[in-house]
Structures are given as structure tokens and as C-alpha cells.
Amino acid sequence: MSVPQLVIEGLHVTVEGKEIVKGLDLTVGGGEIHAIMGPNGTGKSTLASALMGHPKYEVTGGRVTLDGQDLLSMSVDERARAGLFLAMQYPAEVPGVSNANFIRQSLNARAGEGNEIPVLKFHRQLQEKMKKLNIDASFAERYLNEGFSGGEKKRNEILQMSMLEPRIAILDEIDSGLDIDALKIVAEGVNNLKSPQTGFLIITHYQRLLNYIVPDRVHVMMQGRIVKSGGRELAEYLEAHGYDELKAELGIEDESVQAGV
Amino acid sequence: MTEKNVVSASVGRALSHQLQEADWLADWRESAWTSFQTLEKPWLEKTDLKRCQFEVVEKSPSTGSHLEARKLFESVTGSAVLILGNRIEAIRLTEEDKKNGVVLMSLHEASHTHRHLLEKYLGSVVPSSHSKWAALNAAAFQAGVLLYIPRHVEVSSDILIIRSEEEALESAYPRTLVIADTGAKARVAEMQFAKPAATSAAATSDVWEVVAENDARLEIGLIDEILAGPYRFYTRRAKLGKDAEVNWYAASTGDGLAVSDIESLLDGNGSRSNTRVLGTAVGRMHHDLTAKMTHAGRYSESDIVMHGVLRQKANAVFRSCTEIVKGAVEAGSEQHDRMILVDSTARADAIPMLLIDENDVKRCGHAASVGKIDPNQIYYLMSRGISEKLATRMIIWGYFEETILSLPVEEAVREAFVARLEKELD
């Protein structure tokens, strides 16, 4: 299978009539881990939701391709079947639909009719992955995110990711609200999946996640676009100096999207 | 097929004679008939009954095969009754139930053999004065079923009553009386098979009377098939003794017109009752449903959960009503009503009601919502590759899942119901 590639060119995104992402360029290839950092309200999560195709987010300009295919013309489920995955910050709760059933339906949707994964094989795989992520076996039959703690929801997103083996995985603030043990488990889930077959886009405002997942590229987002890119040392610089120093260096007074031109 | 409206003053007595009932029951029907004639034609806030004709409908049985009903009767292992049209075709009691003294028989016959039980309980929970349609049923019921669970008997297998129609109005006035004596436990359900018919002004009336004596526990399943045709009235009511428990699981499908009442009278201290309603409505269905809990006993508790899914031009009014009467201290009750409108042409009302006359209430609350499926749920499922159509389906089935799994029925019955639901939802 070819190496995956996500190419974002000049992306503009509007939410409820307000432009949040204002001309963003980024290329993520298989085997690469990109981190997008930045203070709150700079458009990071909007980028993630727009790429997945959330109906509330309107793309008003630019181009996005996944493996050369026009991502923006695809419906949400088509994007997923093309290999895009978004670990969500606030995944929905769906009562009455078990985790296992949800994940199996997701896998089958990608495999297509006639290629469904055998039920026993699926459960064996699921149990294995759950064990690796230190998730209790009862998780499989619990209703999707219903009554889950914040940490359980995050682990569930990682479980889904490891089962679906996406070509491009976007993790939207997967570290928020996690204690250090849960953070390590989540990081391990990502590291286990690291291969030339998967590219990662990790959105976070803290550097601490990047102690466990080593990024190849770090991008800082302010005012709805990437204002600085670098290697992992950029994350360390931010940890040591904070965003304020970078803002001074770049001559940015207000980093929020409202301030963008 | 003949259909005639009988206006004779002695309709109850004539029917009683025809069914070879004891004289006392003929008198009982006769007095119900008088109530029926004196009771005003009802007025409902959300259901127009102007066209409805409250008259006794008599119809000669059809010659249909009742294939589905017969098949289901053969496939269950617990005690069961098979009713075809207005005739009890077969009654089967398990050896264990027989040994334990469980009574499952026709009410008509029981008027001779179990007179003391009937005189004590028949009409004690749904009296003729309850409503015009309850009186109509009392005067004209046919294929009545009596289920009696003796003291401290725990029935281990699910009891099933199957009522099948091959033509609408074939069984216009079914009646079931369930008595769980002190400390008795049982799971019992009724599954109905109906056939659609041209819309008519006729009224049918279906009555379930349930008595749970002290410490008794009943799980009751009701699987109604409400198809277009007459006006259908359902009255299901339970009376609970001290520390008794009655849980209702009421599932309905169809495109017909129905007024349903499910009520628990929590008379006994410490009694409790849950009602779960699952309703789907298609076509031009109009379903006016009230789930009510009347708390008279101290420390009594109840919960109502109602789930509706409406398509096409269906219209449903789901009311949940909790009444806590003065003196029922420390009573508790919660209501959750949620109605999903799949198509924008469907209409629904979720009406919660709390009628509280006691100051000392343990907990009381309600939540009601009507609307489309949460778009965030659809988005989430789609974001993993699931199509919008399948996502919608999964969410709706998920929403019904707990009620389907709770139905107190054997797997064969659950499967038959799921198959019916699948047809309705696809």
C-alpha cells in the first residue's frame, strides 16, 4: 500500500459566519508525527473538525487532499473510509449502541460488503487491543461513551484508532483531562501504531504529551494560521519560554482568531 | 362476514349466556352495560373522538390461518394461551406451573370454577366507572383470560398470551385478569397480531387488570400491533399491595389510531413500579398514550421511561403523569420522555405531569424532549466510516435496546417483535 499523504493548502474555515481558520498550509505524510500547538482560541480544534467534515464547519477556501483525492468533496463517512480518523475532544454518547458493535460496524463499513470481519476474529482483536491499552474487558459491551469518565472517553478514542488503523489520524486535545498514567497509555497507543502506513496530526496546547510522543514537526497556530514551524526543539522552547516570548518574537499582540487580519 | 350493532339492553346477559358463564357474571355484565349507556362520550384534549361510535360490534370469526400466532405458540416453552379472533384456541400449562397451582384459563369458565377469585378481583382495578370504553369491555368482553399465581409461587418460565386477528374487529374486547397473590412472582406478556382494515368509526376496548398483592412481583410485557382500522382503546392498570412491584414494558408499532392508558396504583407502602414505553408510529398513526403512576402508599417509588420514534405523518402524544396523593410520604418518581421525529412531517407531544399533594416527597422529576436525532451522534458514527443511513438506524435501535432486552418474554417472542420492528423502521 502506498504511503499516505494529507495535503492542506490555503485552508479557510468559517463557523457560524465567523472565519476561524485563515489560510493554513500543512502536509502530513505516512510515518510522520506532526504536532499543532498554540494557545486556546487560535483555531486548532476548528481545523480538526473541518478536516473531518463536521456540518457546523464551513470550508470557504483552499484545498485538502488525502492520497491525492479531494477530501473536501467527500461526506464524513467517505473521509473515514478513505482513511481519515479524528480522535475527538468531546465524542458523543450513544446509548444502546455497544462499543464493540460500533467498532465492528466501523470496520465493516471500511471493509465493504462481502468483506466483513468474522465476529470471533474481531472480538479477539478487540480484546487484545483493550488489554494493551489497559482497558477493562467490560468496556466492549458498555454503551458508547455513556457514563464514561473523561479519561475513559479518551482511551476509547485511542482504542477505536488502533482498531481502525487509519492512514491519517488527527488527535484533538487527546491529553486534556488525563492524569499522567492515562497520558502514558494514550501515548503508547499512538506509538504502537506508528508506521509508514499512518501519519499523525496531534493537536495540543501542552508540551507534556510530546514527552511521550516524539513529534517530527511542531507547528504553532495563532490567529487561525501556522505562524511558526520547527522540529521537536520548538515544543521544548515553548515549554521553557511560553507562548508570550514567541508572540513577541513574531510581533503578535493578540493570538486569538478575532485578531487575525 | 357479518357486522351488526347491537343496541339491545340485555347485550351483556345475552353474551354471558352464549359464553355459558355463571349467572353472577351475567349480572355483572348487565350492570356494566348500564354504566356504559349512562357514561358520557368522552372528550380528549389531543384526540378527536367525534366520529367514534361506542357501540358493541359483533363479528363472526374469520377463517384465516393465524399462522404467525400459531407458530409462536408452538415455539415457546412456558405456559401460554393462544387466542384466535374472539376464541381461546389453546391453553398450555407447564408441568411446573400446574404443580404449583398456577391458574391459566378462560374467564368465562372461571366464573364457575373460581367464582371467589373473580368476585373479589374482576373489575377491582378497572371498574366499569373508569371510562366508557372500560364499561364497554366489561359488558362485552370475549376470550377473557385469567392468570392466578398462588401465594409465594415463583413462576420460572415466562408466561405468554397470544391474541391474533385475521380481520380487524374480530376480537374487539379482549380482557385479561392477572393476580399475583402474596409473595408470588411471575413474568407475563401479551403479544398481539393484528390485520389492517379500512378506517372505521367502531371502537375496540382492551383491558388488562393486574393485582399484585403484598410482596408480589410482576414483570408485564405488552406488545401491541396498532394498525389502521377502528378506534382502539387500551386500559392497562395494576394495583399494588405492600412492598409489591409491578414493572410494565409496553411496546407498540403501527399506523392506527389508539388511546392507551398504562397505570399503576401504588396503594401499598413500599410498593414500586417502573413503566418503559417503546412506541413507533408510521403512516397516519395517532397514538394518545398516558403512562401514569398514582402514589397512595408511603415510601412508594416509580419511574417512567418513554421512547417514541415517529415517521411519515404519524402523530403521537405521550403523557407521563405522576400523582402523589396526600399522605404518601417519602414517595419518589422520575419521568423521562424522549420522542424522535425521523421525518419532518411527523408530529409529537411529550407531556410530563406532576400532581403532588404531599409535601414530604423523596424525589420527583421529569425530563421530556421531542426532536430529531442528535446530529452530533450521527456525525460521530459517520466519522468512523458508518453511512448516515446505518448511523440513524443504529441510534434508533440503540435507543430501543434496553426496552427490547427487558421485555419479559422468551427469545422466540423477542425475535418476532424485533422482526416486526425491523419491518416498521426500514
# chains A, B, ... in the order shown; residues from 1 in each chain; ligands from 1
$ residues_around --residues "range 55-59 of chain A" --least-positions-apart "5" --cutoff "7 Å" --atoms "only C-alpha atoms" --output "PDB file with N, CA, C and O atoms, in the first residue's frame"
ATOM      1  N   HIS A  12      -9.351  27.843   4.538  1.00  0.00           N
ATOM      2  CA  HIS A  12     -10.126  28.819   5.284  1.00  0.00           C
ATOM      3  C   HIS A  12     -11.383  28.132   5.819  1.00  0.00           C
ATOM      4  O   HIS A  12     -12.069  27.460   5.062  1.00  0.00           O
ATOM      5  N   VAL A  13     -11.683  28.317   7.097  1.00  0.00           N
ATOM      6  CA  VAL A  13     -12.859  27.684   7.685  1.00  0.00           C
ATOM      7  C   VAL A  13     -13.680  28.724   8.456  1.00  0.00           C
ATOM      8  O   VAL A  13     -13.126  29.537   9.200  1.00  0.00           O
ATOM      9  N   THR A  14     -14.985  28.651   8.250  1.00  0.00           N
ATOM     10  CA  THR A  14     -15.898  29.573   8.904  1.00  0.00           C
ATOM     11  C   THR A  14     -16.855  28.787   9.796  1.00  0.00           C
ATOM     12  O   THR A  14     -17.332  27.726   9.407  1.00  0.00           O
ATOM     13  N   VAL A  15     -17.088  29.285  10.994  1.00  0.00           N
ATOM     14  CA  VAL A  15     -18.074  28.685  11.884  1.00  0.00           C
ATOM     15  C   VAL A  15     -19.124  29.735  12.208  1.00  0.00           C
ATOM     16  O   VAL A  15     -18.790  30.807  12.708  1.00  0.00           O
ATOM     17  N   ALA A  50     -13.028  20.595  10.837  1.00  0.00           N
ATOM     18  CA  ALA A  50     -13.254  20.904   9.422  1.00  0.00           C
ATOM     19  C   ALA A  50     -12.685  19.798   8.540  1.00  0.00           C
ATOM     20  O   ALA A  50     -13.286  19.424   7.527  1.00  0.00           O
TER      21      ALA A  50
END
$ residues_around --residues "range 133-140 of chain B" --least-positions-apart "3" --cutoff "10 Å" --atoms "only C-alpha atoms" --output "NGL selection string"
:B and (10-16 or 25-39 or 41-42 or 54-58 or 122-123 or 126-130 or 172-175 or 203-207 or 232-235)
$ interface_residues --of "chain A" --to "chain B" --cutoff "9 Å" --atoms "only C-alpha atoms" --output "number ranges by chain"
A: 52-55, 75-86, 88, 91-98, 102-103, 105-110, 143, 160, 164
$ residues_around --residues "Ala416 in chain B" --least-positions-apart "3" --cutoff "12 Å" --atoms "only C-alpha atoms" --output "JSON, numbers by chain"
{"B": [68, 69, 71, 72, 73, 75, 76, 191, 192, 193, 223, 404, 409, 410, 411, 412, 413, 419, 420, 421, 422, 423]}
$ atom_distance --atom1 "CA of Leu26 in chain A" --atom2 "CA of Gly10 in chain A"
8.8 Å
$ residues_around --residues "Gly221 in chain B" --least-positions-apart "6" --cutoff "6 Å" --atoms "only C-alpha atoms" --output "PyMOL selection string"
chain B and resi 189+249-250+407-408
$ residues_around --residues "Met306 in chain B" --least-positions-apart "3" --cutoff "8 Å" --atoms "only C-alpha atoms" --output "PDB file with N, CA and C atoms, in the first residue's frame"
ATOM      1  N   THR B 275     -42.366   1.861  34.452  1.00  0.00           N
ATOM      2  CA  THR B 275     -43.010   1.677  33.157  1.00  0.00           C
ATOM      3  C   THR B 275     -42.032   2.101  32.085  1.00  0.00           C
ATOM      4  N   ARG B 276     -41.804   1.214  31.152  1.00  0.00           N
ATOM      5  CA  ARG B 276     -40.993   1.556  29.983  1.00  0.00           C
ATOM      6  C   ARG B 276     -41.885   1.451  28.772  1.00  0.00           C
ATOM      7  N   VAL B 277     -41.923   2.502  28.004  1.00  0.00           N
ATOM      8  CA  VAL B 277     -42.749   2.508  26.795  1.00  0.00           C
ATOM      9  C   VAL B 277     -41.849   2.625  25.582  1.00  0.00           C
ATOM     10  N   LEU B 278     -42.112   1.803  24.608  1.00  0.00           N
ATOM     11  CA  LEU B 278     -41.411   1.896  23.330  1.00  0.00           C
ATOM     12  C   LEU B 278     -42.492   2.012  22.277  1.00  0.00           C
ATOM     13  N   GLY B 279     -42.513   3.096  21.561  1.00  0.00           N
ATOM     14  CA  GLY B 279     -43.557   3.237  20.557  1.00  0.00           C
ATOM     15  C   GLY B 279     -43.007   3.690  19.234  1.00  0.00           C
ATOM     16  N   PHE B 318     -47.441  11.479  23.985  1.00  0.00           N
ATOM     17  CA  PHE B 318     -47.028  10.612  25.093  1.00  0.00           C
ATOM     18  C   PHE B 318     -47.045  11.450  26.368  1.00  0.00           C
ATOM     19  N   HIS B 336     -38.882  10.182  32.244  1.00  0.00           N
ATOM     20  CA  HIS B 336     -38.024  10.542  31.112  1.00  0.00           C
ATOM     21  C   HIS B 336     -38.766  10.235  29.826  1.00  0.00           C
ATOM     22  N   ASP B 337     -39.088  11.249  29.075  1.00  0.00           N
ATOM     23  CA  ASP B 337     -39.779  11.024  27.796  1.00  0.00           C
ATOM     24  C   ASP B 337     -38.918  11.585  26.686  1.00  0.00           C
ATOM     25  N   ARG B 338     -38.725  10.787  25.673  1.00  0.00           N
ATOM     26  CA  ARG B 338     -37.958  11.277  24.533  1.00  0.00           C
ATOM     27  C   ARG B 338     -38.623  10.786  23.265  1.00  0.00           C
ATOM     28  N   MET B 339     -38.916  11.705  22.372  1.00  0.00           N
ATOM     29  CA  MET B 339     -39.562  11.347  21.121  1.00  0.00           C
ATOM     30  C   MET B 339     -38.662  11.785  19.977  1.00  0.00           C
TER      31      MET B 339
END
$ select_by_dssp --residues "range 61-91 of chain A" --states "strand (DSSP E)" --output "PyMOL selection string"
chain A and resi 61-66+69-70+84-87
$ write_last_selection --atoms "all heavy atoms" --output "CSV table (one decimal), in the first residue's frame"
chain,number,residue,atom,x,y,z
A,61,GLY,N,-12.5,28.2,1.7
A,61,GLY,CA,-11.4,28.4,0.7
A,61,GLY,C,-10.3,27.4,0.9
A,61,GLY,O,-10.2,26.8,2.0
A,62,GLY,N,-9.6,27.1,-0.1
A,62,GLY,CA,-8.4,26.2,0.0
A,62,GLY,C,-8.7,24.8,-0.5
A,62,GLY,O,-9.8,24.5,-1.0
A,63,ARG,N,-7.7,24.0,-0.4
A,63,ARG,CA,-7.8,22.6,-0.9
A,63,ARG,C,-7.3,21.6,0.1
A,63,ARG,O,-6.3,21.9,0.7
A,63,ARG,CB,-6.9,22.6,-2.2
A,63,ARG,CG,-7.5,22.2,-3.5
A,63,ARG,CD,-6.5,22.5,-4.6
A,63,ARG,NE,-5.5,21.4,-4.6
A,63,ARG,CZ,-5.8,20.2,-5.3
A,63,ARG,NH1,-6.9,20.0,-5.9
A,63,ARG,NH2,-4.8,19.3,-5.3
A,64,VAL,N,-7.9,20.5,0.2
A,64,VAL,CA,-7.3,19.4,1.0
A,64,VAL,C,-7.4,18.1,0.3
A,64,VAL,O,-8.5,17.7,-0.3
A,64,VAL,CB,-8.1,19.2,2.4
A,64,VAL,CG1,-7.4,18.2,3.2
A,64,VAL,CG2,-8.1,20.6,3.1
A,65,THR,N,-6.3,17.4,0.2
A,65,THR,CA,-6.3,16.1,-0.5
A,65,THR,C,-5.8,15.0,0.5
A,65,THR,O,-4.9,15.3,1.3
A,65,THR,CB,-5.5,16.1,-1.8
A,65,THR,OG1,-4.1,16.4,-1.5
A,65,THR,CG2,-6.0,17.0,-2.8
A,66,LEU,N,-6.4,13.9,0.4
A,66,LEU,CA,-5.8,12.7,1.1
A,66,LEU,C,-5.5,11.7,0.0
A,66,LEU,O,-6.3,11.2,-0.8
A,66,LEU,CB,-6.9,12.1,2.0
A,66,LEU,CG,-6.5,10.8,2.8
A,66,LEU,CD1,-5.3,11.0,3.6
A,66,LEU,CD2,-7.7,10.4,3.6
A,69,GLN,N,-6.7,12.5,-3.4
A,69,GLN,CA,-8.2,12.6,-3.6
A,69,GLN,C,-8.7,13.8,-2.8
A,69,GLN,O,-8.2,14.2,-1.7
A,69,GLN,CB,-8.9,11.4,-2.9
A,69,GLN,CG,-8.4,10.1,-3.4
A,69,GLN,CD,-9.6,9.3,-4.1
A,69,GLN,OE1,-10.4,9.9,-4.8
A,69,GLN,NE2,-9.6,8.0,-3.8
A,70,ASP,N,-9.7,14.5,-3.5
A,70,ASP,CA,-10.2,15.7,-2.9
A,70,ASP,C,-11.0,15.4,-1.6
A,70,ASP,O,-12.2,14.8,-1.7
A,70,ASP,CB,-11.1,16.4,-3.9
A,70,ASP,CG,-11.7,17.7,-3.4
A,70,ASP,OD1,-11.4,18.1,-2.3
A,70,ASP,OD2,-12.6,18.2,-4.1
A,84,LEU,N,-9.2,8.6,7.0
A,84,LEU,CA,-9.0,9.7,8.0
A,84,LEU,C,-9.7,9.3,9.3
A,84,LEU,O,-10.7,8.7,9.3
A,84,LEU,CB,-9.7,11.0,7.4
A,84,LEU,CG,-9.4,12.3,8.2
A,84,LEU,CD1,-7.9,12.7,8.1
A,84,LEU,CD2,-10.3,13.4,7.7
A,85,PHE,N,-9.0,9.7,10.4
A,85,PHE,CA,-9.5,9.4,11.7
A,85,PHE,C,-9.4,10.6,12.6
A,85,PHE,O,-8.3,11.3,12.6
A,85,PHE,CB,-8.8,8.2,12.3
A,85,PHE,CG,-9.3,7.9,13.7
A,85,PHE,CD1,-10.4,6.9,13.8
A,85,PHE,CD2,-8.8,8.5,14.8
A,85,PHE,CE1,-10.9,6.6,15.1
A,85,PHE,CE2,-9.3,8.2,16.1
A,85,PHE,CZ,-10.3,7.2,16.2
A,86,LEU,N,-10.4,11.0,13.3
A,86,LEU,CA,-10.3,12.1,14.3
A,86,LEU,C,-10.7,11.6,15.7
A,86,LEU,O,-11.8,11.1,15.9
A,86,LEU,CB,-11.3,13.2,13.9
A,86,LEU,CG,-11.4,14.3,14.9
A,86,LEU,CD1,-10.1,15.0,15.2
A,86,LEU,CD2,-12.5,15.4,14.4
A,87,ALA,N,-9.7,11.6,16.6
A,87,ALA,CA,-10.0,11.3,18.0
A,87,ALA,C,-10.5,12.6,18.6
A,87,ALA,O,-9.8,13.6,18.6
A,87,ALA,CB,-8.7,10.9,18.7
$ select_by_dssp --residues "range 137-178 of chain A" --states "helix (DSSP H, G or I)" --output "PyMOL selection string"
chain A and resi 137-141+150-164
$ write_last_selection --atoms "N, CA and C atoms" --output "short mmCIF file (atom, residue, chain, number, x, y, z; two decimals), in the first residue's frame"
data_model
loop_
_atom_site.label_atom_id
_atom_site.label_comp_id
_atom_site.auth_asym_id
_atom_site.auth_seq_id
_atom_site.Cartn_x
_atom_site.Cartn_y
_atom_site.Cartn_z
N ALA A 137 -12.17 -5.36 30.25
CA ALA A 137 -12.88 -6.15 29.24
C ALA A 137 -14.35 -5.76 29.12
N SER A 138 -14.92 -5.26 30.21
CA SER A 138 -16.34 -4.90 30.20
C SER A 138 -16.63 -3.71 29.27
N PHE A 139 -15.58 -2.99 28.93
CA PHE A 139 -15.67 -1.83 28.04
C PHE A 139 -16.38 -2.16 26.73
N ALA A 140 -16.13 -3.36 26.24
CA ALA A 140 -16.66 -3.75 24.92
C ALA A 140 -18.17 -3.69 24.89
N GLU A 141 -18.79 -4.12 25.98
CA GLU A 141 -20.26 -4.19 25.97
C GLU A 141 -20.92 -2.96 26.57
N GLY A 150 -14.02 11.23 31.66
CA GLY A 150 -13.25 11.91 30.62
C GLY A 150 -12.11 11.04 30.11
N GLY A 151 -11.39 10.42 31.05
CA GLY A 151 -10.26 9.57 30.69
C GLY A 151 -10.68 8.35 29.89
N GLU A 152 -11.84 7.78 30.27
CA GLU A 152 -12.33 6.60 29.55
C GLU A 152 -12.70 6.95 28.11
N LYS A 153 -13.29 8.14 27.96
CA LYS A 153 -13.64 8.57 26.60
C LYS A 153 -12.39 8.70 25.73
N LYS A 154 -11.34 9.27 26.31
CA LYS A 154 -10.10 9.46 25.55
C LYS A 154 -9.49 8.12 25.17
N ARG A 155 -9.50 7.20 26.13
CA ARG A 155 -8.94 5.88 25.85
C ARG A 155 -9.76 5.16 24.81
N ASN A 156 -11.07 5.41 24.86
CA ASN A 156 -11.95 4.79 23.87
C ASN A 156 -11.63 5.30 22.47
N GLU A 157 -11.31 6.58 22.37
CA GLU A 157 -10.94 7.13 21.06
C GLU A 157 -9.67 6.45 20.54
N ILE A 158 -8.72 6.26 21.45
CA ILE A 158 -7.46 5.61 21.05
C ILE A 158 -7.69 4.14 20.69
N LEU A 159 -8.60 3.50 21.44
CA LEU A 159 -8.93 2.10 21.12
C LEU A 159 -9.50 2.02 19.69
N GLN A 160 -10.42 2.92 19.39
CA GLN A 160 -11.01 2.93 18.04
C GLN A 160 -9.93 3.16 16.99
N MET A 161 -9.04 4.09 17.31
CA MET A 161 -7.97 4.38 16.35
C MET A 161 -7.11 3.15 16.11
N SER A 162 -6.78 2.45 17.19
CA SER A 162 -5.89 1.32 16.99
C SER A 162 -6.59 0.17 16.29
N MET A 163 -7.92 0.09 16.43
CA MET A 163 -8.66 -0.94 15.70
C MET A 163 -8.80 -0.58 14.22
N LEU A 164 -9.02 0.69 13.96
CA LEU A 164 -9.30 1.12 12.58
C LEU A 164 -8.03 1.32 11.75
#
$ atom_distance --atom1 "CA of Gly112 in chain A" --atom2 "CA of Pro166 in chain A"
15.5 Å
$ residues_around --residues "Gly242 in chain A" --least-positions-apart "6" --cutoff "12 Å" --atoms "only C-alpha atoms" --output "PyMOL selection string"
chain A and resi 37-39+205-207+220+234-236+248-249
$ closest_residue --among "B:Ala168, B:Val211, B:Ala251, B:Val259" --to "Ala228 in chain B" --atoms "only C-alpha atoms"
B:Ala168
